[in-house]
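File shown here: target_19.cif, holding mmCIF, C-alpha atoms.
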data_model
loop_
_atom_site.label_atom_id
_atom_site.label_comp_id
_atom_site.auth_asym_id
_atom_site.auth_seq_id
_atom_site.Cartn_x
_atom_site.Cartn_y
_atom_site.Cartn_z
CA MET A 166 142.76 128.70 27.18
CA SER A 167 140.74 125.75 28.38
CA PRO A 168 140.22 125.11 32.06
CA GLU A 169 142.26 121.93 31.77
CA SER A 170 145.30 123.79 30.46
CA SER A 171 145.07 126.76 32.82
CA PRO A 172 147.98 127.04 35.24
CA GLU A 173 147.26 125.84 38.75
CA ALA A 174 148.11 127.76 41.85
CA PRO A 175 151.41 126.67 43.33
CA VAL A 176 151.09 124.20 46.17
CA PRO A 177 153.13 125.26 49.18
CA SER A 178 155.74 122.77 50.18
CA GLY A 179 155.67 121.38 53.68
CA ARG A 180 153.02 121.80 56.33
CA ARG A 181 152.18 125.08 57.93
CA ILE A 182 152.80 125.20 61.64
CA PRO A 183 149.37 125.27 63.31
CA LYS A 184 148.62 128.52 65.10
CA VAL A 185 148.04 128.33 68.83
CA PRO A 186 144.89 130.28 69.84
CA PHE A 187 145.38 133.26 72.13
CA TRP A 188 143.47 131.67 75.00
CA ALA A 189 145.64 128.55 74.75
CA GLN A 190 148.78 130.69 74.80
CA ILE A 191 147.60 132.34 78.02
CA LEU A 192 146.71 129.00 79.60
CA LEU A 193 150.07 127.50 78.66
CA ALA A 194 151.84 130.57 80.07
CA LEU A 195 149.96 130.22 83.38
CA VAL A 196 151.05 126.61 83.76
CA LEU A 197 154.64 127.26 82.67
CA GLY A 198 154.87 130.36 84.89
CA GLY A 199 153.73 128.36 87.89
CA LEU A 200 156.31 125.65 87.23
CA LEU A 201 159.13 128.15 86.72
CA GLY A 202 158.10 130.06 89.85
CA TRP A 203 158.14 126.85 91.85
CA ALA A 204 161.55 125.97 90.43
CA ALA A 205 162.91 129.44 91.24
CA LYS A 206 161.67 129.19 94.82
CA SER A 207 162.61 125.58 95.59
CA GLY A 208 166.00 125.79 93.85
CA ASP A 209 166.75 129.35 94.98
CA ILE A 210 167.65 130.28 91.39
CA ALA A 211 168.41 134.00 91.46
CA TRP A 212 168.63 134.57 87.70
CA LEU A 213 165.29 132.86 87.14
CA ARG A 214 163.61 134.98 89.82
CA THR A 215 165.04 138.12 88.23
CA THR A 216 163.92 137.05 84.77
CA LEU A 217 160.37 136.32 85.90
CA ASP A 218 160.22 139.57 87.86
CA LYS A 219 161.44 141.73 84.98
CA THR A 220 159.25 139.96 82.40
CA GLY A 221 156.10 140.55 84.42
CA SER A 222 157.08 144.10 85.42
CA ILE A 223 157.82 145.20 81.86
CA PHE A 224 154.47 143.85 80.67
CA VAL A 225 152.60 145.77 83.38
CA GLN A 226 154.60 148.92 82.63
CA LEU A 227 153.70 148.66 78.95
CA LEU A 228 150.03 148.39 79.90
CA MET A 229 150.18 151.27 82.35
CA VAL A 230 152.06 153.68 80.08
CA VAL A 231 149.00 154.18 77.87
CA VAL A 232 146.37 153.96 80.61
CA ALA A 233 146.02 157.70 81.34
CA PRO A 234 145.59 158.95 77.74
CA LEU A 235 143.54 155.87 76.85
CA VAL A 236 141.02 156.49 79.64
CA PHE A 237 140.76 160.19 78.79
CA PHE A 238 140.14 159.77 75.08
CA ALA A 239 137.99 156.65 75.51
CA ILE A 240 135.61 158.42 77.91
CA LEU A 241 135.56 161.60 75.82
CA VAL A 242 134.80 159.78 72.56
CA SER A 243 132.33 157.42 74.23
CA ILE A 244 130.26 160.30 75.55
CA THR A 245 130.16 161.97 72.13
CA ASN A 246 129.23 158.64 70.52
CA LEU A 247 126.04 158.59 72.55
CA ARG A 248 124.64 161.26 70.25
CA ASN A 249 124.48 158.57 67.57
CA VAL A 250 122.38 156.31 69.78
CA SER A 251 118.65 156.78 70.21
CA ASN A 252 117.53 157.05 73.84
CA ALA A 253 121.13 157.72 74.95
CA ALA A 254 120.11 159.08 78.36
CA ARG A 255 117.92 156.02 78.93
CA LEU A 256 120.78 153.69 78.00
CA ALA A 257 123.22 155.48 80.31
CA THR A 258 120.74 155.43 83.20
CA ARG A 259 119.92 151.75 82.76
CA THR A 260 123.61 150.89 82.51
CA LEU A 261 124.30 152.64 85.81
CA LEU A 262 121.31 150.96 87.47
CA TRP A 263 122.43 147.51 86.37
CA PHE A 264 125.94 148.27 87.62
CA MET A 265 124.42 148.99 91.02
CA VAL A 266 122.13 145.93 90.98
CA THR A 267 124.95 143.50 90.21
CA SER A 268 127.17 145.23 92.80
CA LEU A 269 124.43 144.76 95.40
CA ILE A 270 124.15 141.06 94.56
CA ALA A 271 127.93 140.64 94.73
CA VAL A 272 128.37 142.36 98.10
CA VAL A 273 125.55 140.31 99.64
CA ILE A 274 127.25 137.12 98.42
CA GLY A 275 130.53 138.35 99.93
CA LEU A 276 128.89 139.03 103.28
CA VAL A 277 127.17 135.63 103.38
CA ILE A 278 130.40 133.80 102.59
CA GLY A 279 132.33 135.81 105.18
CA LEU A 280 129.75 135.18 107.91
CA LEU A 281 129.62 131.46 107.15
CA THR A 282 133.38 130.86 107.07
CA ASP A 283 134.87 133.31 109.64
CA PRO A 284 137.98 134.06 107.52
CA GLY A 285 139.80 135.93 110.30
CA SER A 286 139.48 133.19 112.93
CA GLY A 287 142.36 130.81 113.59
CA THR A 288 144.86 132.60 111.35
CA GLY A 289 147.33 133.31 114.15
CA LEU A 290 147.53 136.91 112.94
CA THR A 291 147.43 139.77 115.45
CA ALA A 292 147.25 143.54 115.32
CA ALA A 293 151.07 143.63 115.48
CA ASP A 294 151.25 141.95 112.07
CA GLY A 295 149.46 144.84 110.40
CA ALA A 296 150.62 148.29 109.38
CA ASP A 297 148.88 151.45 108.27
CA PRO A 298 148.62 151.62 104.47
CA LYS A 299 150.38 154.36 102.52
CA LYS A 300 147.18 155.14 100.64
CA LYS A 301 143.94 155.70 102.48
CA GLY A 302 140.43 156.41 101.32
CA SER A 303 137.74 158.47 103.01
CA TRP A 304 134.45 159.87 101.81
CA LEU A 305 135.82 163.41 102.02
CA ASP A 306 138.93 162.46 100.03
CA PHE A 307 136.78 160.57 97.55
CA LEU A 308 134.43 163.51 96.93
CA THR A 309 137.09 166.23 96.88
CA GLY A 310 139.53 164.03 94.98
CA ILE A 311 137.29 163.83 91.93
CA VAL A 312 138.11 167.40 90.89
CA PRO A 313 141.80 167.86 89.93
CA THR A 314 143.86 170.87 90.98
CA ASP A 315 145.45 171.05 87.52
CA VAL A 316 145.28 169.20 84.20
CA ILE A 317 148.75 167.64 84.34
CA THR A 318 149.00 165.95 87.75
CA PRO A 319 146.20 163.38 87.18
CA PHE A 320 148.13 162.05 84.19
CA THR A 321 151.56 162.00 85.87
CA GLN A 322 150.22 160.43 89.08
CA LEU A 323 147.73 158.21 87.24
CA ASN A 324 144.68 159.41 89.16
CA VAL A 325 142.11 157.68 86.98
CA LEU A 326 139.10 159.12 88.80
CA GLN A 327 140.21 162.69 88.06
CA ILE A 328 141.02 161.73 84.46
CA VAL A 329 137.49 160.36 84.07
CA PHE A 330 136.09 163.62 85.48
CA MET A 331 138.05 165.77 83.03
CA ALA A 332 137.16 163.50 80.11
CA ALA A 333 133.46 163.61 81.01
CA VAL A 334 133.52 167.41 81.20
CA ALA A 335 135.36 167.62 77.88
CA GLY A 336 132.96 165.16 76.23
CA ILE A 337 129.90 167.09 77.37
CA ALA A 338 131.50 170.35 76.20
CA VAL A 339 132.15 168.83 72.76
CA LEU A 340 128.50 167.83 72.52
CA GLN A 341 127.41 171.35 73.47
CA LEU A 342 129.72 173.03 70.94
CA GLY A 343 128.58 170.81 68.08
CA GLU A 344 130.28 171.49 64.74
CA LYS A 345 132.76 173.94 66.26
CA ALA A 346 134.35 171.09 68.21
CA GLN A 347 134.42 168.66 65.29
CA PRO A 348 138.20 169.08 64.67
CA LEU A 349 138.88 168.22 68.31
CA LEU A 350 136.57 165.21 68.13
CA THR A 351 138.25 163.97 64.94
CA PHE A 352 141.65 164.35 66.59
CA SER A 353 140.45 162.51 69.72
CA GLU A 354 139.07 159.63 67.67
CA SER A 355 142.37 159.31 65.79
CA VAL A 356 144.40 159.35 69.01
CA LEU A 357 142.08 156.76 70.56
CA GLN A 358 142.53 154.45 67.57
CA LEU A 359 146.30 154.90 67.79
CA LEU A 360 146.33 154.09 71.52
CA GLN A 361 144.11 151.05 71.02
CA LYS A 362 146.40 149.79 68.27
CA VAL A 363 149.48 150.17 70.48
CA LEU A 364 147.72 148.55 73.40
CA TRP A 365 146.62 145.66 71.19
CA TRP A 366 150.30 145.04 70.38
CA VAL A 367 150.98 144.98 74.12
CA ILE A 368 148.08 142.59 74.65
CA ARG A 369 149.63 140.20 72.15
CA LEU A 370 152.56 139.98 74.60
CA ALA A 371 150.18 138.82 77.34
CA PRO A 372 151.43 135.20 77.30
CA LEU A 373 154.96 136.37 78.15
CA GLY A 374 153.62 138.80 80.73
CA SER A 375 151.42 136.08 82.24
CA LEU A 376 154.39 133.74 82.56
CA GLY A 377 156.39 136.37 84.44
CA LEU A 378 153.57 137.57 86.69
CA VAL A 379 152.41 134.11 87.74
CA GLY A 380 155.97 132.91 88.20
CA LYS A 381 156.75 135.88 90.42
CA ALA A 382 153.62 135.30 92.51
CA VAL A 383 154.56 131.66 93.07
CA TYR A 384 158.23 132.19 93.99
CA LYS A 385 157.58 135.30 96.07
CA TYR A 386 154.58 134.17 98.06
CA GLY A 387 154.58 130.39 97.72
CA TRP A 388 152.14 128.11 99.43
CA ASP A 389 153.09 129.13 102.98
CA LEU A 390 151.46 132.53 102.66
CA ILE A 391 148.39 131.08 100.96
CA GLY A 392 148.13 128.56 103.78
CA LYS A 393 148.07 131.28 106.44
CA TYR A 394 145.33 133.11 104.53
CA ALA A 395 143.71 129.92 103.24
CA THR A 396 140.13 130.67 104.29
CA PHE A 397 140.29 134.30 103.20
CA THR A 398 141.80 133.41 99.81
CA ALA A 399 139.28 130.61 99.27
CA ASP A 400 136.42 132.96 100.22
CA ILE A 401 137.47 135.53 97.61
CA TYR A 402 137.84 132.92 94.87
CA VAL A 403 134.58 131.18 95.75
CA GLY A 404 132.67 134.45 95.99
CA CYS A 405 134.01 135.67 92.66
CA ALA A 406 133.35 132.28 91.07
CA ILE A 407 129.72 132.37 92.23
CA VAL A 408 129.24 135.80 90.68
CA LEU A 409 131.18 134.90 87.53
CA PHE A 410 129.74 131.44 86.86
CA VAL A 411 126.33 131.56 88.58
CA VAL A 412 125.00 135.12 88.92
CA TYR A 413 126.12 136.40 85.52
CA PRO A 414 124.90 133.31 83.62
CA LEU A 415 121.53 133.50 85.40
CA LEU A 416 121.15 137.16 84.48
CA LEU A 417 122.13 136.45 80.88
CA ALA A 418 119.71 133.55 80.62
CA THR A 419 116.73 135.09 82.42
CA VAL A 420 117.04 138.84 81.82
CA ALA A 421 118.92 139.09 78.53
CA LYS A 422 117.56 135.73 77.31
CA VAL A 423 120.84 134.72 75.65
CA SER A 424 123.15 131.73 76.04
CA PRO A 425 125.62 132.01 78.95
CA VAL A 426 127.87 129.43 77.27
CA ARG A 427 128.16 131.61 74.18
CA PHE A 428 129.04 134.57 76.39
CA PHE A 429 132.03 132.77 77.85
CA LYS A 430 133.11 131.61 74.40
CA GLY A 431 133.10 135.19 73.19
CA ALA A 432 134.38 137.01 76.28
CA TRP A 433 136.97 134.51 77.54
CA PRO A 434 140.05 136.27 76.02
CA ALA A 435 139.25 139.46 77.98
CA ILE A 436 138.56 137.52 81.19
CA GLN A 437 141.88 135.69 80.84
CA LEU A 438 143.85 138.86 80.23
CA ALA A 439 142.20 140.53 83.21
CA PHE A 440 143.19 137.58 85.40
CA VAL A 441 146.90 137.90 84.62
CA SER A 442 147.20 141.67 84.13
CA ARG A 443 145.10 142.62 87.19
CA SER A 444 143.96 145.78 85.42
CA SER A 445 140.45 146.50 84.19
CA VAL A 446 141.64 149.60 82.35
CA GLY A 447 144.52 147.75 80.71
CA THR A 448 142.07 145.13 79.49
CA MET A 449 139.51 147.71 78.33
CA PRO A 450 140.23 147.62 74.56
CA LEU A 451 139.92 143.83 74.50
CA THR A 452 136.80 143.98 76.69
CA GLN A 453 135.19 146.42 74.28
CA ARG A 454 136.20 144.26 71.34
CA VAL A 455 134.63 141.07 72.72
CA THR A 456 131.54 142.98 73.84
CA GLU A 457 131.00 144.25 70.31
CA ARG A 458 131.62 140.73 69.01
CA LEU A 459 128.79 139.62 71.30
CA GLY A 460 126.34 141.84 69.45
CA VAL A 461 126.38 145.08 71.46
CA PRO A 462 126.29 148.09 69.08
CA ARG A 463 129.65 149.83 68.84
CA GLU A 464 128.18 153.26 69.67
CA TYR A 465 126.80 151.94 72.95
CA ALA A 466 129.71 149.58 73.76
CA SER A 467 132.19 152.43 73.32
CA PHE A 468 130.39 154.19 76.17
CA ALA A 469 129.41 151.32 78.45
CA VAL A 470 132.76 149.47 78.53
CA PRO A 471 135.04 152.47 79.29
CA PHE A 472 132.48 153.65 81.84
CA GLY A 473 132.39 150.18 83.38
CA SER A 474 136.17 149.78 83.43
CA THR A 475 136.38 152.69 85.85
CA THR A 476 133.24 152.13 87.94
CA LYS A 477 132.05 148.50 87.56
CA MET A 478 133.99 146.48 90.14
CA ASP A 479 132.03 143.52 91.50
CA GLY A 480 135.23 141.75 92.51
CA CYS A 481 137.33 144.62 93.90
CA ALA A 482 134.57 146.83 95.26
CA SER A 483 131.89 144.37 96.40
CA ILE A 484 133.05 140.84 97.21
CA TYR A 485 136.53 141.77 98.40
CA PRO A 486 135.75 144.61 100.85
CA ALA A 487 132.83 142.65 102.32
CA ILE A 488 134.95 139.60 103.14
CA ALA A 489 138.00 141.71 104.02
CA ALA A 490 136.03 143.83 106.52
CA ILE A 491 134.82 140.68 108.30
CA PHE A 492 138.39 139.31 108.25
CA VAL A 493 139.87 142.49 109.78
CA ALA A 494 137.11 142.75 112.40
CA GLN A 495 137.73 139.17 113.54
CA VAL A 496 141.51 139.58 113.71
CA PHE A 497 141.18 142.76 115.80
CA GLY A 498 138.36 141.38 117.92
CA VAL A 499 135.73 143.91 116.80
CA HIS A 500 132.10 142.81 116.80
CA LEU A 501 130.15 143.91 113.74
CA GLU A 502 126.44 144.65 114.03
CA LEU A 503 123.63 144.82 111.47
CA ARG A 504 124.29 148.54 111.00
CA ASP A 505 127.89 147.76 110.03
CA TYR A 506 126.87 145.21 107.43
CA LEU A 507 124.42 147.71 105.92
CA LEU A 508 127.26 150.25 105.76
CA ILE A 509 129.40 147.70 103.89
CA VAL A 510 126.61 147.29 101.35
CA PHE A 511 126.24 151.05 100.99
CA VAL A 512 129.97 151.66 100.49
CA SER A 513 130.25 148.84 97.96
CA VAL A 514 127.33 149.97 95.83
CA ILE A 515 128.00 153.72 95.96
CA GLY A 516 131.77 153.97 96.32
CA SER A 517 132.98 151.48 93.72
CA ALA A 518 134.29 154.27 91.48
CA ALA A 519 137.06 154.79 94.05
CA THR A 520 138.85 151.71 92.70
CA ALA A 521 139.09 153.40 89.28
CA GLY A 522 140.06 150.28 87.37
CA LEU A 523 143.69 150.11 88.50
CA THR A 524 145.60 147.19 89.91
CA GLY A 525 144.63 146.53 93.49
CA ALA A 526 141.70 147.67 95.68
CA THR A 527 143.49 149.24 98.64
CA VAL A 528 141.65 152.56 98.38
CA MET A 529 138.27 150.83 98.35
CA LEU A 530 139.20 148.70 101.35
CA THR A 531 140.42 151.69 103.38
CA LEU A 532 137.22 153.52 102.46
CA THR A 533 135.21 150.60 103.83
CA LEU A 534 137.29 150.20 107.00
CA SER A 535 137.25 153.93 107.76
CA THR A 536 133.47 154.03 107.35
CA LEU A 537 133.12 151.14 109.80
CA GLY A 538 135.71 152.57 112.19
CA LEU A 539 137.98 149.52 111.87
CA PRO A 540 141.77 149.84 112.28
CA MET A 541 143.62 150.85 109.12
CA ALA A 542 146.39 148.46 110.12
CA GLY A 543 144.07 145.72 108.93
CA VAL A 544 144.90 146.71 105.36
CA GLY A 545 148.53 145.84 106.02
CA LEU A 546 147.50 142.31 106.94
CA LEU A 547 146.03 141.80 103.47
CA LEU A 548 148.64 143.50 101.30
CA ALA A 549 150.83 140.40 101.14
CA ILE A 550 148.06 138.22 99.74
CA ASP A 551 146.61 140.97 97.53
CA PRO A 552 148.32 140.02 94.23
CA ILE A 553 146.98 136.48 94.46
CA VAL A 554 143.36 137.40 95.18
CA ASP A 555 143.46 140.39 92.84
CA MET A 556 143.71 138.14 89.79
CA MET A 557 140.30 136.60 90.43
CA ARG A 558 138.80 139.92 91.50
CA THR A 559 139.81 141.62 88.26
CA ALA A 560 138.58 138.75 86.09
CA THR A 561 135.18 139.11 87.77
CA ASN A 562 135.25 142.88 87.25
CA VAL A 563 135.88 142.56 83.52
CA ALA A 564 133.24 139.88 83.01
CA GLY A 565 130.68 142.18 84.62
CA GLN A 566 131.79 145.07 82.43
CA SER A 567 130.75 143.00 79.42
CA VAL A 568 127.66 141.34 80.92
CA VAL A 569 125.83 144.57 81.82
CA PRO A 570 125.99 146.11 78.30
CA ILE A 571 124.67 142.82 76.91
CA ILE A 572 121.75 142.87 79.38
CA VAL A 573 120.92 146.51 78.64
CA ALA A 574 121.26 146.07 74.88
CA SER A 575 119.01 143.01 74.97
CA ARG A 576 116.30 144.73 77.01
CA GLU A 577 116.45 147.75 74.71
CA ASN A 578 116.18 145.50 71.63
CA ILE A 579 119.45 146.74 70.13
CA LEU A 580 121.44 143.52 70.67
CA ASP A 581 122.49 141.75 67.48
CA ARG A 582 121.42 138.25 68.49
CA GLU A 583 122.82 136.67 65.34
CA ALA A 584 126.26 138.10 66.10
CA TYR A 585 125.91 136.95 69.72
CA ALA A 586 125.00 133.42 68.64
CA THR A 587 128.16 133.13 66.53
CA ALA A 588 130.63 135.00 68.78
CA ASP A 589 133.86 133.12 69.31
CA GLY A 590 136.79 134.63 71.15
CA SER A 591 139.23 132.25 69.47
CA LYS A 592 138.64 134.09 66.17
CA LEU A 593 139.90 137.40 67.51
CA ASP A 594 143.45 136.64 66.42
CA ASP A 595 142.45 136.05 62.81
CA GLU A 596 140.26 139.17 62.72
CA GLN A 597 143.03 141.32 64.13
CA GLU A 598 145.51 140.01 61.56
CA ALA A 599 143.05 140.84 58.80
CA ALA A 600 142.60 144.34 60.19
CA GLU A 601 146.36 144.85 60.36
CA ALA A 602 146.95 143.79 56.77
CA PRO A 603 144.39 145.56 54.55
CA ALA A 604 146.89 145.96 51.73
CA ALA A 605 147.60 142.26 51.61
CA LEU A 606 143.90 141.49 51.57
CA ALA A 607 143.28 143.98 48.78
CA ALA A 608 146.10 142.47 46.73
CA ALA A 609 144.63 139.02 47.20
#

How does this structure look as structure tokens?
Amino acid sequence: MSPESSPEAPVPSGRRIPKVPFWAQILLALVLGGLLGWAAKSGDIAWLRTTLDKTGSIFVQLLMVVVAPLVFFAILVSITNLRNVSNAARLATRTLLWFMVTSLIAVVIGLVIGLLTDPGSGTGLTAADGADPKKKGSWLDFLTGIVPTDVITPFTQLNVLQIVFMAAVAGIAVLQLGEKAQPLLTFSESVLQLLQKVLWWVIRLAPLGSLGLVGKAVYKYGWDLIGKYATFTADIYVGCAIVLFVVYPLLLATVAKVSPVRFFKGAWPAIQLAFVSRSSVGTMPLTQRVTERLGVPREYASFAVPFGSTTKMDGCASIYPAIAAIFVAQVFGVHLELRDYLLIVFVSVIGSAATAGLTGATVMLTLTLSTLGLPMAGVGLLLAIDPIVDMMRTATNVAGQSVVPIIVASRENILDREAYATADGSKLDDEQEAAEAPAALAAA
């Protein structure tokens, strides 16, 4: 049959509805959620408030339900994956060192901003407005709390730090046993893939979750609360923005010698999801995905990102406690000396694992205040504004969890620079669809 007489492929009738990129869906949800939250508050619409509340709550619950097993199997598998990487100990050490370096930079920025702006002055808040927090952190609790009393409670109470400890012990034991532990390792890898697949489905619901969470924040807190904490809120956002859009790009350009613009193009979906979900651990699968897309080898990324999601907290553990400590000291009329500021730096750099990647940074703040001898009631002053500032804190956390592996991979000459140069977060949707439909692709 000649080419001219060969049958042509059928032409689909009508136009295909253009697909909205994931980042655009999130952005649209943020705007719509803010408008609906404002409408619910100004019009006192009870059903709309309930709908926004339940939509956001269900999304967070879906994220949290897989957090405990995800962290355990991710850490376990990531440690065993290091055996496939040359100079694994060197990579792990350099990763930890860069975590500490960026935390040091972030806490210094937080202190400078707090000292320049006096966030606790002129707020009208007094000691009577505060209350002791339900959860407190101390160095003794932090050190003794790492080791669980049993293997069940950390999962039921979602104690991520203890889960990380058990996973690390199990991962090291698997490495020591070698071939004898291969069945367990194969099982763990399969479970991890299953959990990541389920969590990816949840992530695809992020636009709906974003709409509910932002709407709830607007109708519940409104502009009155933000106004009372205006300086403090602005300090957190400015401090995080400096780290996110100045410090990280400078490190990428000067240390890793890669394009900061390309980083944001590739990592933006994870940063967006972190902003609305307020959970580094919940964002972890997407963070690892974009980090690999940016050229970091999978064997190393599968260690660095889970490790970072539980310990790398420039927003929650560095900028926030620095500014918050100054805020609390000013409200309660306590004068901080040079020794106190050095203690803030020490707590932020060393104690960041206490935040453990979960929503909020109350434990880290109480750890800082208790070290300085400041009243715990100061935490109660900041709980009301916490959901609003936590969005920016978590976005900064997640960005750093991707930046550090890129820096280390670049300096160790294992970064795929060609993949980095072409990374585009907007293509994640198409890649995921292709991965979910191998049969259809094979048939084609």

Expected selection from the PyMOL selection byres ((chain A and resi 490) around 9), given as number ranges by chain: A: 279, 485-489, 491-495, 509, 530, 533-534, 537, 539, 543

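Nearest to A:Gly460 of all the residues A:Val554, A:Val563, A:Leu269, A:Val423 is A:Val423, counting all atoms listed in the file.
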
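Closest approach to A:Ala435 among A:Val461, A:Ala560, A:Val383, A:Val356 is made by A:Ala560 (distances from all atoms listed in the file).
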
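When only C-alpha atoms are used to compute distances to A:Val420, the closest of the residues A:Ser575, A:Ser355, A:Ser513, A:Gln453 turns out to be A:Ser575.
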
Hey, what comes out of the PyMOL selection byres ((chain A and resi 481-483) around 8) on this file? Could you write it as a PDB file with C-alpha atoms, in the coordinates of the input?
ATOM      1  CA  SER A 268     127.170 145.230  92.800  1.00  0.00           C
ATOM      2  CA  LEU A 269     124.430 144.760  95.400  1.00  0.00           C
ATOM      3  CA  ALA A 271     127.930 140.640  94.730  1.00  0.00           C
ATOM      4  CA  VAL A 272     128.370 142.360  98.100  1.00  0.00           C
ATOM      5  CA  GLY A 275     130.530 138.350  99.930  1.00  0.00           C
ATOM      6  CA  MET A 478     133.990 146.480  90.140  1.00  0.00           C
ATOM      7  CA  ASP A 479     132.030 143.520  91.500  1.00  0.00           C
ATOM      8  CA  GLY A 480     135.230 141.750  92.510  1.00  0.00           C
ATOM      9  CA  ILE A 484     133.050 140.840  97.210  1.00  0.00           C
ATOM     10  CA  TYR A 485     136.530 141.770  98.400  1.00  0.00           C
ATOM     11  CA  PRO A 486     135.750 144.610 100.850  1.00  0.00           C
ATOM     12  CA  ALA A 487     132.830 142.650 102.320  1.00  0.00           C
ATOM     13  CA  VAL A 510     126.610 147.290 101.350  1.00  0.00           C
ATOM     14  CA  SER A 513     130.250 148.840  97.960  1.00  0.00           C
ATOM     15  CA  VAL A 514     127.330 149.970  95.830  1.00  0.00           C
ATOM     16  CA  GLY A 516     131.770 153.970  96.320  1.00  0.00           C
ATOM     17  CA  SER A 517     132.980 151.480  93.720  1.00  0.00           C
ATOM     18  CA  THR A 520     138.850 151.710  92.700  1.00  0.00           C
ATOM     19  CA  GLY A 525     144.630 146.530  93.490  1.00  0.00           C
ATOM     20  CA  ALA A 526     141.700 147.670  95.680  1.00  0.00           C
ATOM     21  CA  MET A 529     138.270 150.830  98.350  1.00  0.00           C
ATOM     22  CA  LEU A 530     139.200 148.700 101.350  1.00  0.00           C
ATOM     23  CA  ASP A 555     143.460 140.390  92.840  1.00  0.00           C
ATOM     24  CA  ARG A 558     138.800 139.920  91.500  1.00  0.00           C
ATOM     25  CA  THR A 559     139.810 141.620  88.260  1.00  0.00           C
ATOM     26  CA  ASN A 562     135.250 142.880  87.250  1.00  0.00           C
TER      27      ASN A 562
END

Result set of the PyMOL selection byres ((chain A and resi 316) around 12) on the coordinates above, as JSON, numbers by chain: {"A": [233, 237, 312, 313, 314, 315, 317, 318, 319, 320, 321, 322, 323, 324, 327, 328, 329, 330, 331, 332, 335]}

Restrict the selected residues to C-alpha atoms and save them as a short mmCIF file (atom, residue, chain, number, x, y, z; two decimals), in the frame of the given file.
data_model
loop_
_atom_site.label_atom_id
_atom_site.label_comp_id
_atom_site.auth_asym_id
_atom_site.auth_seq_id
_atom_site.Cartn_x
_atom_site.Cartn_y
_atom_site.Cartn_z
CA ALA A 233 146.02 157.70 81.34
CA PHE A 237 140.76 160.19 78.79
CA VAL A 312 138.11 167.40 90.89
CA PRO A 313 141.80 167.86 89.93
CA THR A 314 143.86 170.87 90.98
CA ASP A 315 145.45 171.05 87.52
CA ILE A 317 148.75 167.64 84.34
CA THR A 318 149.00 165.95 87.75
CA PRO A 319 146.20 163.38 87.18
CA PHE A 320 148.13 162.05 84.19
CA THR A 321 151.56 162.00 85.87
CA GLN A 322 150.22 160.43 89.08
CA LEU A 323 147.73 158.21 87.24
CA ASN A 324 144.68 159.41 89.16
CA GLN A 327 140.21 162.69 88.06
CA ILE A 328 141.02 161.73 84.46
CA VAL A 329 137.49 160.36 84.07
CA PHE A 330 136.09 163.62 85.48
CA MET A 331 138.05 165.77 83.03
CA ALA A 332 137.16 163.50 80.11
CA ALA A 335 135.36 167.62 77.88
#

Atomic distance atom CA of A:Pro462 - atom CA of A:Ala574, expressed in Å with one decimal: 7.9 Å

Closest of A:Lys345, A:Phe224, A:Leu459, A:Asn246 to A:Trp366, counting only C-alpha atoms, is A:Phe224

Go ahead and compute the interatomic distance for atom CA of A:Val334 and atom CA of A:Leu532, in Å to one decimal. 25.7 Å

Can you tell me how far atom CA of A:Ile553 sits from atom CA of A:Gly377, in Å to one decimal? 13.7 Å

Pick from A:Val496, A:Ile401, A:Leu241, A:Ala588 nearest to A:Leu350, counting all atoms listed in the file: A:Leu241

Which neighbours of A:Leu417 fall inside 12 Å, counting all atoms listed in the file, when residues of the same chain fewer than 2 positions from it are skipped, and could you give them as an mmCIF file with C-alpha atoms, in the coordinates of the input?
data_model
loop_
_atom_site.group_PDB
_atom_site.id
_atom_site.type_symbol
_atom_site.label_atom_id
_atom_site.label_comp_id
_atom_site.auth_asym_id
_atom_site.auth_seq_id
_atom_site.Cartn_x
_atom_site.Cartn_y
_atom_site.Cartn_z
ATOM 1 C CA LEU A 409 131.180 134.900 87.530
ATOM 2 C CA PHE A 410 129.740 131.440 86.860
ATOM 3 C CA VAL A 411 126.330 131.560 88.580
ATOM 4 C CA VAL A 412 125.000 135.120 88.920
ATOM 5 C CA TYR A 413 126.120 136.400 85.520
ATOM 6 C CA PRO A 414 124.900 133.310 83.620
ATOM 7 C CA LEU A 415 121.530 133.500 85.400
ATOM 8 C CA THR A 419 116.730 135.090 82.420
ATOM 9 C CA VAL A 420 117.040 138.840 81.820
ATOM 10 C CA ALA A 421 118.920 139.090 78.530
ATOM 11 C CA LYS A 422 117.560 135.730 77.310
ATOM 12 C CA VAL A 423 120.840 134.720 75.650
ATOM 13 C CA SER A 424 123.150 131.730 76.040
ATOM 14 C CA PRO A 425 125.620 132.010 78.950
ATOM 15 C CA VAL A 426 127.870 129.430 77.270
ATOM 16 C CA ARG A 427 128.160 131.610 74.180
ATOM 17 C CA PHE A 428 129.040 134.570 76.390
ATOM 18 C CA PHE A 429 132.030 132.770 77.850
ATOM 19 C CA ALA A 564 133.240 139.880 83.010
ATOM 20 C CA GLY A 565 130.680 142.180 84.620
ATOM 21 C CA SER A 567 130.750 143.000 79.420
ATOM 22 C CA VAL A 568 127.660 141.340 80.920
ATOM 23 C CA VAL A 569 125.830 144.570 81.820
ATOM 24 C CA PRO A 570 125.990 146.110 78.300
ATOM 25 C CA ILE A 571 124.670 142.820 76.910
ATOM 26 C CA ILE A 572 121.750 142.870 79.380
ATOM 27 C CA VAL A 573 120.920 146.510 78.640
ATOM 28 C CA ALA A 574 121.260 146.070 74.880
ATOM 29 C CA SER A 575 119.010 143.010 74.970
ATOM 30 C CA ARG A 576 116.300 144.730 77.010
ATOM 31 C CA TYR A 585 125.910 136.950 69.720
#
